[in-house]
Amino acid sequence: MTAIALTTQPGSNEGPCTAPDLRWYFVLIVAAAIAISYFDRQTLSVAIAAIQRNIPISNPQFSYLQTAFLIAYAALYAIGGRMLDKLGTRRGFLLIMLWWSLACALHGFATTFTWLLCARFLLGMGEGGAFPAATRVVSEWLPAHERATAMGIINAGTSVGSLLAPPLISLIVIYSGWRSVFFTAGAIGIAWVLWWAFSYRGNASTLSINTLDARLLAQELTFREIISLRQVQVLVFAKFMSDSAWFFLLFWLPKYLYDARGFDIKHVSYYAWIPYAVSGIGSFLGGWLSSYLLRNGRSLDLSRKLVLGINAAMMPAVMLVPFVPVQYAIALFSLAFFSQQSWSGLIMTIPADVFPLSAVGTVAGLVGFGGSIGGAIFNLIVGALLGHGFSYAFLFTLVGIFHIIGFLALVSFGGRIQPLRPNDLREIESHA
């Protein structure tokens with residue numbers, strides 16, 4: 001492939017519409033959707049004790065429920081991204097949110113384990129399209145020098161959902177029963193669908209001639225051609241490595257505190273929320289810093305990679321967790337959550353930086369697919385290693401280097417981060 005040049009410069013008038021109130025309003029709507037998604041995926045985990053009084057669920061069966069979600073989530077990340085590129089942002093996101101909201105409500109009718117398993121799978125299918133849709137909104141409405149900030153705000157929605165889920169779900173279980181948890185979550189999602197339907201509109205009419213040219217040409221690119229691009233493959237690998245660490249931290253933090261630190265549920269409720277809160281700060285600050293560098297004349301490539309490298313360099317601190325007092329361990333977890341979510345927001349911004357709008361959903365979906373598969377595989381490895389006598393110290397050592405491996409791959413093989421031009425896309429087609 002020939003060298004790739006920028007089609008626009010930071011702060012230029014080309015590209016997405018620059019009506020600030022409208023575009024940031026749309027970012028807020030999307031951040032709310034991401035918060036709802038993280039709330040919905042925690043309903044089962046928080047309410048499981050109450051559910052087990054009606055539906056017997058063993059520990060292996062509980063792991064199957066989580067695996068069903070992750071498998072569907074990973075698969076539909078890629079398929080959902082492609083669907084969004086075909087249907088468009090407004091209609092595609094509406095269908096995705098409606099699907100997962102109904103799937104969440106379906107849990108409330110469950111009478112058997114099999115019913116829960118199917119509902120969990122359907123929930124994963126819907127939620128798999130959330131971040132590809134978010135990336136399309138950013139690509140459609142934000143110029144390059146604001147995209148990282150916007151994606152950081154959107155990614156902070158994960159922290160909001162994670163923070164609100166335990167207390168709100170617990171209150172609903174106490175006063176209305178566990179079935180009401182899923183009905184309430186589904187109703188919130190449907191309310192968002194109405195908000196989106198009446199609020200969001202596309203921004204295609206304001207795109208530059210070069211972007212429109214690239215968009216029309218990219219519509220002819222096949223799924224296979226997109227997968228064959230080295231930039232896509234490297235992004236998928238980087239996300240595979242980083243999300244292997246993320247899902248370990250997300251799923252195993254409470255269990256580590258129970259098993260290795262002697263916490264009870266009261267202590268976990270006191271302290272385990274802190275890393276999630278800090279992760280939201282990381283989501284915003286990482287995006288803000290990258291956007292700040294871009295606004296001040298740094299190249300798009302440097303503005304993204306420098307912040308990604310800083311985040312990767314901080315992750316090895318998690319290796320010290322097993323060897324320090326618990327208060328310092330929580331601080332190290334918080335640093336890891338901060339770095340990971342700052343990294344995640346930027347990785348999911350890059351598809352919007354490089355690819356035309358009609359390919360953004362597909363690329364973002366493939367990147368998210370890689371991350372979900374990495375998380376699913378490594379969590380299976382974690383269970384096997386702990387079952388064979390390996391310590392948490394060994395696992396934290398692995399987790400501490402995953403982001404560095406992903407970053408080195410991005411720098412060594414990913415090329416420069418800069419938008420594709422129509423000529424580049426024509427060359428891709430000529431070699432297909």
# chains A, B, ... in the order shown; residues from 1 in each chain; ligands from 1
$ closest_atom_pairs --of "segment 372-430 of chain A" --to "segment 341-350 of chain A" --cutoff "9 Å" --atoms "only C-alpha atoms" --output "CSV"
residue,atom,partner,partner_atom,distance
A:His403,CA,A:Trp343,CA,8.7
A:Ile417,CA,A:Ile350,CA,7.3
A:Gln418,CA,A:Ile350,CA,8.7
$ residues_around --residues "Leu164 of chain A" --least-positions-apart "2" --cutoff "10 Å" --atoms "only C-alpha atoms" --output "ChimeraX atom specification"
/A:35-36,38-39,159-162,166-169,273
$ write_last_selection --atoms "N, CA and C atoms" --output "compact mmCIF listing (two decimals), in the first residue's frame"
# COMPACT_ATOMS: atom_id res chain seq x y z
N ALA A 35 -23.58 3.42 29.42
CA ALA A 35 -23.84 3.22 30.85
C ALA A 35 -24.94 2.18 31.05
N ILE A 36 -25.99 2.25 30.25
CA ILE A 36 -27.09 1.28 30.35
C ILE A 36 -26.58 -0.12 30.03
N TYR A 38 -23.60 -1.40 30.52
CA TYR A 38 -22.83 -1.96 31.63
C TYR A 38 -23.73 -2.23 32.84
N PHE A 39 -24.78 -1.45 32.99
CA PHE A 39 -25.77 -1.76 34.02
C PHE A 39 -26.46 -3.08 33.71
N SER A 159 -18.04 3.25 33.37
CA SER A 159 -17.84 3.44 34.81
C SER A 159 -19.13 3.84 35.51
N VAL A 160 -19.91 4.70 34.86
CA VAL A 160 -21.18 5.12 35.45
C VAL A 160 -22.10 3.92 35.64
N GLY A 161 -22.21 3.09 34.59
CA GLY A 161 -23.04 1.90 34.70
C GLY A 161 -22.54 0.94 35.77
N SER A 162 -21.21 0.76 35.83
CA SER A 162 -20.62 -0.15 36.82
C SER A 162 -20.82 0.34 38.24
N PRO A 166 -24.60 -2.04 41.27
CA PRO A 166 -24.77 -2.77 42.53
C PRO A 166 -25.78 -2.17 43.50
N PRO A 167 -25.71 -0.86 43.83
CA PRO A 167 -26.69 -0.35 44.80
C PRO A 167 -28.12 -0.33 44.25
N LEU A 168 -28.30 0.06 42.98
CA LEU A 168 -29.65 0.15 42.43
C LEU A 168 -30.29 -1.23 42.27
N ILE A 169 -29.50 -2.18 41.77
CA ILE A 169 -30.03 -3.53 41.61
C ILE A 169 -30.37 -4.14 42.96
N TRP A 273 -15.59 -0.49 44.55
CA TRP A 273 -16.10 0.51 43.61
C TRP A 273 -15.04 1.53 43.20
$ residues_around --residues "Lys86 of chain A" --least-positions-apart "5" --cutoff "12 Å" --atoms "only C-alpha atoms" --output "MDAnalysis selection string"
chainID A and resid 79:81 91:93 133 136 215 218:220 222:223 357:362
$ write_last_selection --atoms "N, CA, C and O atoms" --output "mmCIF file, in the first residue's frame"
data_model
loop_
_atom_site.group_PDB
_atom_site.id
_atom_site.type_symbol
_atom_site.label_atom_id
_atom_site.label_comp_id
_atom_site.auth_asym_id
_atom_site.auth_seq_id
_atom_site.Cartn_x
_atom_site.Cartn_y
_atom_site.Cartn_z
ATOM 1 N N ILE A 79 -20.267 -8.590 13.476
ATOM 2 C CA ILE A 79 -21.434 -8.593 12.597
ATOM 3 C C ILE A 79 -22.246 -7.314 12.785
ATOM 4 O O ILE A 79 -22.754 -6.732 11.827
ATOM 5 N N GLY A 80 -22.379 -6.875 14.041
ATOM 6 C CA GLY A 80 -23.128 -5.660 14.318
ATOM 7 C C GLY A 80 -22.491 -4.435 13.685
ATOM 8 O O GLY A 80 -23.179 -3.543 13.189
ATOM 9 N N GLY A 81 -21.151 -4.394 13.681
ATOM 10 C CA GLY A 81 -20.470 -3.279 13.045
ATOM 11 C C GLY A 81 -20.761 -3.227 11.555
ATOM 12 O O GLY A 81 -20.999 -2.149 10.988
ATOM 13 N N ARG A 91 -30.695 4.217 12.447
ATOM 14 C CA ARG A 91 -31.551 3.034 12.443
ATOM 15 C C ARG A 91 -30.845 1.837 13.077
ATOM 16 O O ARG A 91 -31.458 1.061 13.815
ATOM 17 N N GLY A 92 -29.538 1.690 12.798
ATOM 18 C CA GLY A 92 -28.814 0.547 13.334
ATOM 19 C C GLY A 92 -28.730 0.564 14.846
ATOM 20 O O GLY A 92 -28.976 -0.445 15.513
ATOM 21 N N PHE A 93 -28.391 1.724 15.444
ATOM 22 C CA PHE A 93 -28.276 1.810 16.901
ATOM 23 C C PHE A 93 -29.651 1.612 17.554
ATOM 24 O O PHE A 93 -29.770 1.009 18.628
ATOM 25 N N ALA A 133 -21.419 1.254 17.114
ATOM 26 C CA ALA A 133 -22.353 2.361 16.883
ATOM 27 C C ALA A 133 -21.800 3.658 17.462
ATOM 28 O O ALA A 133 -21.889 4.729 16.838
ATOM 29 N N ARG A 136 -19.204 5.093 15.200
ATOM 30 C CA ARG A 136 -19.799 5.732 14.018
ATOM 31 C C ARG A 136 -20.329 7.128 14.355
ATOM 32 O O ARG A 136 -20.199 8.056 13.561
ATOM 33 N N ARG A 215 -16.132 7.512 1.085
ATOM 34 C CA ARG A 215 -17.265 6.744 1.599
ATOM 35 C C ARG A 215 -17.914 5.914 0.487
ATOM 36 O O ARG A 215 -18.179 4.722 0.631
ATOM 37 N N ALA A 218 -15.658 3.078 -0.415
ATOM 38 C CA ALA A 218 -15.549 2.063 0.638
ATOM 39 C C ALA A 218 -16.773 1.164 0.680
ATOM 40 O O ALA A 218 -16.696 0.037 1.153
ATOM 41 N N GLN A 219 -17.907 1.643 0.187
ATOM 42 C CA GLN A 219 -19.086 0.799 0.175
ATOM 43 C C GLN A 219 -18.881 -0.418 -0.708
ATOM 44 O O GLN A 219 -19.572 -1.418 -0.574
ATOM 45 N N GLU A 220 -17.914 -0.342 -1.644
ATOM 46 C CA GLU A 220 -17.643 -1.456 -2.526
ATOM 47 C C GLU A 220 -16.659 -2.446 -1.918
ATOM 48 O O GLU A 220 -16.449 -3.521 -2.461
ATOM 49 N N THR A 222 -15.280 -5.309 0.326
ATOM 50 C CA THR A 222 -15.915 -6.459 0.946
ATOM 51 C C THR A 222 -15.400 -6.640 2.362
ATOM 52 O O THR A 222 -14.372 -6.059 2.762
ATOM 53 N N PHE A 223 -16.116 -7.464 3.123
ATOM 54 C CA PHE A 223 -15.700 -7.781 4.480
ATOM 55 C C PHE A 223 -14.307 -8.401 4.462
ATOM 56 O O PHE A 223 -13.459 -8.093 5.309
ATOM 57 N N LEU A 357 -16.489 6.697 6.873
ATOM 58 C CA LEU A 357 -17.625 6.393 7.738
ATOM 59 C C LEU A 357 -18.284 5.059 7.407
ATOM 60 O O LEU A 357 -18.680 4.320 8.302
ATOM 61 N N SER A 358 -18.393 4.736 6.123
ATOM 62 C CA SER A 358 -19.100 3.518 5.757
ATOM 63 C C SER A 358 -18.335 2.248 6.117
ATOM 64 O O SER A 358 -18.874 1.144 6.007
ATOM 65 N N ALA A 359 -17.073 2.368 6.535
ATOM 66 C CA ALA A 359 -16.309 1.209 6.997
ATOM 67 C C ALA A 359 -16.019 1.250 8.487
ATOM 68 O O ALA A 359 -15.497 0.284 9.037
ATOM 69 N N VAL A 360 -16.338 2.363 9.149
ATOM 70 C CA VAL A 360 -15.980 2.536 10.560
ATOM 71 C C VAL A 360 -16.644 1.483 11.438
ATOM 72 O O VAL A 360 -16.014 0.888 12.321
ATOM 73 N N GLY A 361 -17.942 1.245 11.241
ATOM 74 C CA GLY A 361 -18.635 0.259 12.069
ATOM 75 C C GLY A 361 -18.040 -1.122 11.922
ATOM 76 O O GLY A 361 -17.874 -1.859 12.900
ATOM 77 N N THR A 362 -17.697 -1.509 10.697
ATOM 78 C CA THR A 362 -17.102 -2.822 10.456
ATOM 79 C C THR A 362 -15.764 -2.955 11.160
ATOM 80 O O THR A 362 -15.490 -3.951 11.834
#
$ select_by_dssp --residues "segment 41-139 of chain A" --states "alpha helix (DSSP H)" --output "PyMOL selection string"
chain A and resi 41-51+59-87+89-107+113-127+130-139
$ closest_residue --among "A:Phe182, A:Phe248, A:Gln52, A:Leu229" --to "Gly415 of chain A" --atoms "only C-alpha atoms"
A:Leu229
$ closest_residue --among "A:Asn379, A:Ser291, A:Thr67, A:Ser334" --to "Ile274 of chain A" --atoms "only C-alpha atoms"
A:Ser334
$ closest_atom_pairs --of "segment 18-133 of chain A" --to "segment 184-203 of chain A" --cutoff "9 Å" --atoms "only C-alpha atoms" --output "tab-separated table"
residue	atom	partner	partner_atom	distance
A:Phe26	CA	A:Tyr200	CA	6.9
A:Ile29	CA	A:Trp196	CA	7.3
A:Val30	CA	A:Trp196	CA	8.8
A:Ala32	CA	A:Trp192	CA	8.2
A:Ala33	CA	A:Trp192	CA	7.2
A:Ile36	CA	A:Gly189	CA	6.9
A:Ser37	CA	A:Gly189	CA	8.6
A:Phe39	CA	A:Ala185	CA	7.8
A:Asp40	CA	A:Ala185	CA	6.3
A:Thr43	CA	A:Ala185	CA	8.3
A:Gly88	CA	A:Gly202	CA	8.4
A:Thr89	CA	A:Gly202	CA	7.3
A:Arg90	CA	A:Tyr200	CA	6.5
A:Arg91	CA	A:Ala197	CA	8.2
A:Phe93	CA	A:Trp196	CA	8.5
A:Leu94	CA	A:Val193	CA	5.8
A:Leu95	CA	A:Val193	CA	8.4
A:Met97	CA	A:Val193	CA	6.5
A:Leu98	CA	A:Ile190	CA	6.2
A:Trp100	CA	A:Gly189	CA	8.0
A:Ser101	CA	A:Gly186	CA	4.4
A:Leu102	CA	A:Gly186	CA	5.9
A:Ala103	CA	A:Gly186	CA	7.7
A:Cys104	CA	A:Gly186	CA	5.5
A:Ala105	CA	A:Gly186	CA	4.7
A:Leu106	CA	A:Gly186	CA	8.4
$ residues_around --residues "Ile381 of chain A" --least-positions-apart "3" --cutoff "12 Å" --atoms "only C-alpha atoms" --output "MDAnalysis selection string"
chainID A and resid 244:245 248 374:378 384:388 390 395 398
$ closest_residue --among "A:Arg261, A:Ala75, A:Phe113, A:Ala68" --to "Asn54 of chain A" --atoms "only C-alpha atoms"
A:Phe113
$ atom_distance --atom1 "atom CA of Leu235 of chain A" --atom2 "atom CA of Ser279 of chain A"
21.5 Å
$ closest_residue --among "A:Val27, A:Ala238, A:Ala119, A:Ala49" --to "Trp141 of chain A" --atoms "only C-alpha atoms"
A:Val27
$ residues_around --residues "Gly124 of chain A" --least-positions-apart "2" --cutoff "9 Å" --atoms "only C-alpha atoms" --output "ChimeraX atom specification"
/A:41,68-76,100,103,119-122,126-128
$ closest_residue --among "A:Pro322, A:Gly368, A:Pro316, A:Pro132" --to "Phe337 of chain A" --atoms "only C-alpha atoms"
A:Pro316
$ closest_residue --among "A:Gly280, A:Gly157, A:Pro419, A:Gly108" --to "Gln340 of chain A" --atoms "only C-alpha atoms"
A:Gly280
$ residues_around --residues "Ala393 of chain A" --least-positions-apart "6" --cutoff "9 Å" --atoms "only C-alpha atoms" --output "count of residues only"
5
$ decode --residues "segment 298-334 of chain A" --atoms "N, CA, C and O atoms" --output "PDB file, in the first residue's frame"
ATOM      1  N   ARG A 298       0.348  18.776  17.145  1.00  0.00           N
ATOM      2  CA  ARG A 298       0.971  17.465  17.023  1.00  0.00           C
ATOM      3  C   ARG A 298       0.226  16.642  15.983  1.00  0.00           C
ATOM      4  O   ARG A 298      -0.958  16.827  15.746  1.00  0.00           O
ATOM      5  N   SER A 299       0.918  15.703  15.377  1.00  0.00           N
ATOM      6  CA  SER A 299       0.282  14.877  14.358  1.00  0.00           C
ATOM      7  C   SER A 299      -0.738  13.939  14.999  1.00  0.00           C
ATOM      8  O   SER A 299      -0.673  13.643  16.205  1.00  0.00           O
ATOM      9  N   LEU A 300      -1.669  13.478  14.192  1.00  0.00           N
ATOM     10  CA  LEU A 300      -2.648  12.512  14.676  1.00  0.00           C
ATOM     11  C   LEU A 300      -1.954  11.254  15.184  1.00  0.00           C
ATOM     12  O   LEU A 300      -2.311  10.696  16.233  1.00  0.00           O
ATOM     13  N   ASP A 301      -0.949  10.800  14.467  1.00  0.00           N
ATOM     14  CA  ASP A 301      -0.217   9.591  14.850  1.00  0.00           C
ATOM     15  C   ASP A 301       0.426   9.749  16.227  1.00  0.00           C
ATOM     16  O   ASP A 301       0.268   8.891  17.097  1.00  0.00           O
ATOM     17  N   LEU A 302       1.142  10.858  16.437  1.00  0.00           N
ATOM     18  CA  LEU A 302       1.795  11.085  17.731  1.00  0.00           C
ATOM     19  C   LEU A 302       0.769  11.288  18.836  1.00  0.00           C
ATOM     20  O   LEU A 302       0.938  10.771  19.956  1.00  0.00           O
ATOM     21  N   SER A 303      -0.300  12.022  18.555  1.00  0.00           N
ATOM     22  CA  SER A 303      -1.301  12.330  19.578  1.00  0.00           C
ATOM     23  C   SER A 303      -1.970  11.071  20.107  1.00  0.00           C
ATOM     24  O   SER A 303      -2.321  11.007  21.291  1.00  0.00           O
ATOM     25  N   ARG A 304      -2.170  10.093  19.257  1.00  0.00           N
ATOM     26  CA  ARG A 304      -2.769   8.837  19.713  1.00  0.00           C
ATOM     27  C   ARG A 304      -1.729   7.921  20.368  1.00  0.00           C
ATOM     28  O   ARG A 304      -1.928   7.409  21.465  1.00  0.00           O
ATOM     29  N   LYS A 305      -0.604   7.727  19.699  1.00  0.00           N
ATOM     30  CA  LYS A 305       0.360   6.725  20.162  1.00  0.00           C
ATOM     31  C   LYS A 305       1.062   7.143  21.454  1.00  0.00           C
ATOM     32  O   LYS A 305       1.398   6.286  22.282  1.00  0.00           O
ATOM     33  N   LEU A 306       1.318   8.435  21.625  1.00  0.00           N
ATOM     34  CA  LEU A 306       1.984   8.874  22.850  1.00  0.00           C
ATOM     35  C   LEU A 306       1.140   8.543  24.073  1.00  0.00           C
ATOM     36  O   LEU A 306       1.655   8.004  25.071  1.00  0.00           O
ATOM     37  N   VAL A 307      -0.155   8.844  24.022  1.00  0.00           N
ATOM     38  CA  VAL A 307      -1.029   8.564  25.166  1.00  0.00           C
ATOM     39  C   VAL A 307      -1.206   7.060  25.349  1.00  0.00           C
ATOM     40  O   VAL A 307      -1.210   6.559  26.483  1.00  0.00           O
ATOM     41  N   LEU A 308      -1.333   6.334  24.245  1.00  0.00           N
ATOM     42  CA  LEU A 308      -1.420   4.872  24.355  1.00  0.00           C
ATOM     43  C   LEU A 308      -0.158   4.307  25.007  1.00  0.00           C
ATOM     44  O   LEU A 308      -0.237   3.400  25.853  1.00  0.00           O
ATOM     45  N   GLY A 309       1.001   4.839  24.637  1.00  0.00           N
ATOM     46  CA  GLY A 309       2.247   4.354  25.221  1.00  0.00           C
ATOM     47  C   GLY A 309       2.350   4.658  26.708  1.00  0.00           C
ATOM     48  O   GLY A 309       2.831   3.820  27.490  1.00  0.00           O
ATOM     49  N   ILE A 310       1.901   5.841  27.124  1.00  0.00           N
ATOM     50  CA  ILE A 310       1.892   6.178  28.552  1.00  0.00           C
ATOM     51  C   ILE A 310       1.004   5.205  29.324  1.00  0.00           C
ATOM     52  O   ILE A 310       1.383   4.706  30.395  1.00  0.00           O
ATOM     53  N   ASN A 311      -0.170   4.918  28.770  1.00  0.00           N
ATOM     54  CA  ASN A 311      -1.074   3.976  29.440  1.00  0.00           C
ATOM     55  C   ASN A 311      -0.466   2.588  29.551  1.00  0.00           C
ATOM     56  O   ASN A 311      -0.541   1.939  30.596  1.00  0.00           O
ATOM     57  N   ALA A 312       0.139   2.120  28.461  1.00  0.00           N
ATOM     58  CA  ALA A 312       0.756   0.793  28.480  1.00  0.00           C
ATOM     59  C   ALA A 312       1.891   0.732  29.498  1.00  0.00           C
ATOM     60  O   ALA A 312       2.078  -0.277  30.191  1.00  0.00           O
ATOM     61  N   ALA A 313       2.654   1.818  29.614  1.00  0.00           N
ATOM     62  CA  ALA A 313       3.790   1.844  30.535  1.00  0.00           C
ATOM     63  C   ALA A 313       3.361   1.800  31.999  1.00  0.00           C
ATOM     64  O   ALA A 313       4.137   1.360  32.864  1.00  0.00           O
ATOM     65  N   MET A 314       2.132   2.242  32.298  1.00  0.00           N
ATOM     66  CA  MET A 314       1.659   2.224  33.688  1.00  0.00           C
ATOM     67  C   MET A 314       1.082   0.870  34.102  1.00  0.00           C
ATOM     68  O   MET A 314       0.975   0.582  35.302  1.00  0.00           O
ATOM     69  N   MET A 315       0.712   0.028  33.142  1.00  0.00           N
ATOM     70  CA  MET A 315       0.049  -1.239  33.479  1.00  0.00           C
ATOM     71  C   MET A 315       0.909  -2.211  34.290  1.00  0.00           C
ATOM     72  O   MET A 315       0.381  -2.934  35.140  1.00  0.00           O
ATOM     73  N   PRO A 316       2.234  -2.291  34.083  1.00  0.00           N
ATOM     74  CA  PRO A 316       3.018  -3.240  34.891  1.00  0.00           C
ATOM     75  C   PRO A 316       2.946  -2.998  36.396  1.00  0.00           C
ATOM     76  O   PRO A 316       3.315  -3.895  37.174  1.00  0.00           O
ATOM     77  N   ALA A 317       2.472  -1.839  36.825  1.00  0.00           N
ATOM     78  CA  ALA A 317       2.336  -1.597  38.268  1.00  0.00           C
ATOM     79  C   ALA A 317       1.426  -2.626  38.924  1.00  0.00           C
ATOM     80  O   ALA A 317       1.570  -2.920  40.123  1.00  0.00           O
ATOM     81  N   VAL A 318       0.496  -3.214  38.147  1.00  0.00           N
ATOM     82  CA  VAL A 318      -0.428  -4.183  38.712  1.00  0.00           C
ATOM     83  C   VAL A 318       0.292  -5.447  39.173  1.00  0.00           C
ATOM     84  O   VAL A 318      -0.238  -6.221  39.981  1.00  0.00           O
ATOM     85  N   MET A 319       1.497  -5.674  38.692  1.00  0.00           N
ATOM     86  CA  MET A 319       2.281  -6.841  39.129  1.00  0.00           C
ATOM     87  C   MET A 319       2.577  -6.809  40.625  1.00  0.00           C
ATOM     88  O   MET A 319       2.822  -7.842  41.252  1.00  0.00           O
ATOM     89  N   LEU A 320       2.558  -5.604  41.206  1.00  0.00           N
ATOM     90  CA  LEU A 320       2.907  -5.457  42.627  1.00  0.00           C
ATOM     91  C   LEU A 320       1.734  -5.747  43.556  1.00  0.00           C
ATOM     92  O   LEU A 320       1.916  -5.811  44.775  1.00  0.00           O
ATOM     93  N   VAL A 321       0.534  -5.922  43.011  1.00  0.00           N
ATOM     94  CA  VAL A 321      -0.668  -6.079  43.839  1.00  0.00           C
ATOM     95  C   VAL A 321      -0.531  -7.150  44.920  1.00  0.00           C
ATOM     96  O   VAL A 321      -0.878  -6.908  46.087  1.00  0.00           O
ATOM     97  N   PRO A 322      -0.028  -8.365  44.613  1.00  0.00           N
ATOM     98  CA  PRO A 322       0.016  -9.394  45.658  1.00  0.00           C
ATOM     99  C   PRO A 322       1.023  -9.128  46.775  1.00  0.00           C
ATOM    100  O   PRO A 322       0.998  -9.820  47.798  1.00  0.00           O
ATOM    101  N   PHE A 323       1.893  -8.135  46.612  1.00  0.00           N
ATOM    102  CA  PHE A 323       3.012  -7.967  47.535  1.00  0.00           C
ATOM    103  C   PHE A 323       2.898  -6.726  48.415  1.00  0.00           C
ATOM    104  O   PHE A 323       3.831  -6.406  49.162  1.00  0.00           O
ATOM    105  N   VAL A 324       1.788  -6.019  48.357  1.00  0.00           N
ATOM    106  CA  VAL A 324       1.647  -4.777  49.122  1.00  0.00           C
ATOM    107  C   VAL A 324       0.411  -4.865  50.015  1.00  0.00           C
ATOM    108  O   VAL A 324      -0.475  -5.700  49.789  1.00  0.00           O
ATOM    109  N   PRO A 325       0.329  -4.027  51.066  1.00  0.00           N
ATOM    110  CA  PRO A 325      -0.881  -3.989  51.891  1.00  0.00           C
ATOM    111  C   PRO A 325      -2.111  -3.681  51.057  1.00  0.00           C
ATOM    112  O   PRO A 325      -2.031  -3.097  49.973  1.00  0.00           O
ATOM    113  N   VAL A 326      -3.271  -4.053  51.575  1.00  0.00           N
ATOM    114  CA  VAL A 326      -4.484  -4.018  50.771  1.00  0.00           C
ATOM    115  C   VAL A 326      -4.832  -2.615  50.289  1.00  0.00           C
ATOM    116  O   VAL A 326      -5.332  -2.438  49.165  1.00  0.00           O
ATOM    117  N   GLN A 327      -4.575  -1.586  51.121  1.00  0.00           N
ATOM    118  CA  GLN A 327      -4.908  -0.231  50.672  1.00  0.00           C
ATOM    119  C   GLN A 327      -4.079   0.166  49.461  1.00  0.00           C
ATOM    120  O   GLN A 327      -4.570   0.857  48.548  1.00  0.00           O
ATOM    121  N   TYR A 328      -2.818  -0.279  49.407  1.00  0.00           N
ATOM    122  CA  TYR A 328      -1.987  -0.008  48.238  1.00  0.00           C
ATOM    123  C   TYR A 328      -2.411  -0.872  47.058  1.00  0.00           C
ATOM    124  O   TYR A 328      -2.283  -0.450  45.888  1.00  0.00           O
ATOM    125  N   ALA A 329      -2.884  -2.070  47.356  1.00  0.00           N
ATOM    126  CA  ALA A 329      -3.382  -2.929  46.284  1.00  0.00           C
ATOM    127  C   ALA A 329      -4.576  -2.293  45.581  1.00  0.00           C
ATOM    128  O   ALA A 329      -4.679  -2.324  44.346  1.00  0.00           O
ATOM    129  N   ILE A 330      -5.483  -1.691  46.359  1.00  0.00           N
ATOM    130  CA  ILE A 330      -6.626  -0.991  45.759  1.00  0.00           C
ATOM    131  C   ILE A 330      -6.141   0.175  44.906  1.00  0.00           C
ATOM    132  O   ILE A 330      -6.665   0.441  43.813  1.00  0.00           O
ATOM    133  N   ALA A 331      -5.110   0.878  45.373  1.00  0.00           N
ATOM    134  CA  ALA A 331      -4.557   1.990  44.599  1.00  0.00           C
ATOM    135  C   ALA A 331      -3.953   1.495  43.285  1.00  0.00           C
ATOM    136  O   ALA A 331      -4.106   2.134  42.236  1.00  0.00           O
ATOM    137  N   LEU A 332      -3.270   0.345  43.338  1.00  0.00           N
ATOM    138  CA  LEU A 332      -2.684  -0.208  42.115  1.00  0.00           C
ATOM    139  C   LEU A 332      -3.766  -0.688  41.150  1.00  0.00           C
ATOM    140  O   LEU A 332      -3.647  -0.514  39.933  1.00  0.00           O
ATOM    141  N   PHE A 333      -4.817  -1.304  41.696  1.00  0.00           N
ATOM    142  CA  PHE A 333      -5.964  -1.662  40.853  1.00  0.00           C
ATOM    143  C   PHE A 333      -6.537  -0.412  40.182  1.00  0.00           C
ATOM    144  O   PHE A 333      -6.880  -0.423  38.998  1.00  0.00           O
ATOM    145  N   SER A 334      -6.644   0.647  40.946  1.00  0.00           N
ATOM    146  CA  SER A 334      -7.210   1.886  40.407  1.00  0.00           C
ATOM    147  C   SER A 334      -6.347   2.433  39.273  1.00  0.00           C
ATOM    148  O   SER A 334      -6.864   2.892  38.247  1.00  0.00           O
TER     149      SER A 334
END
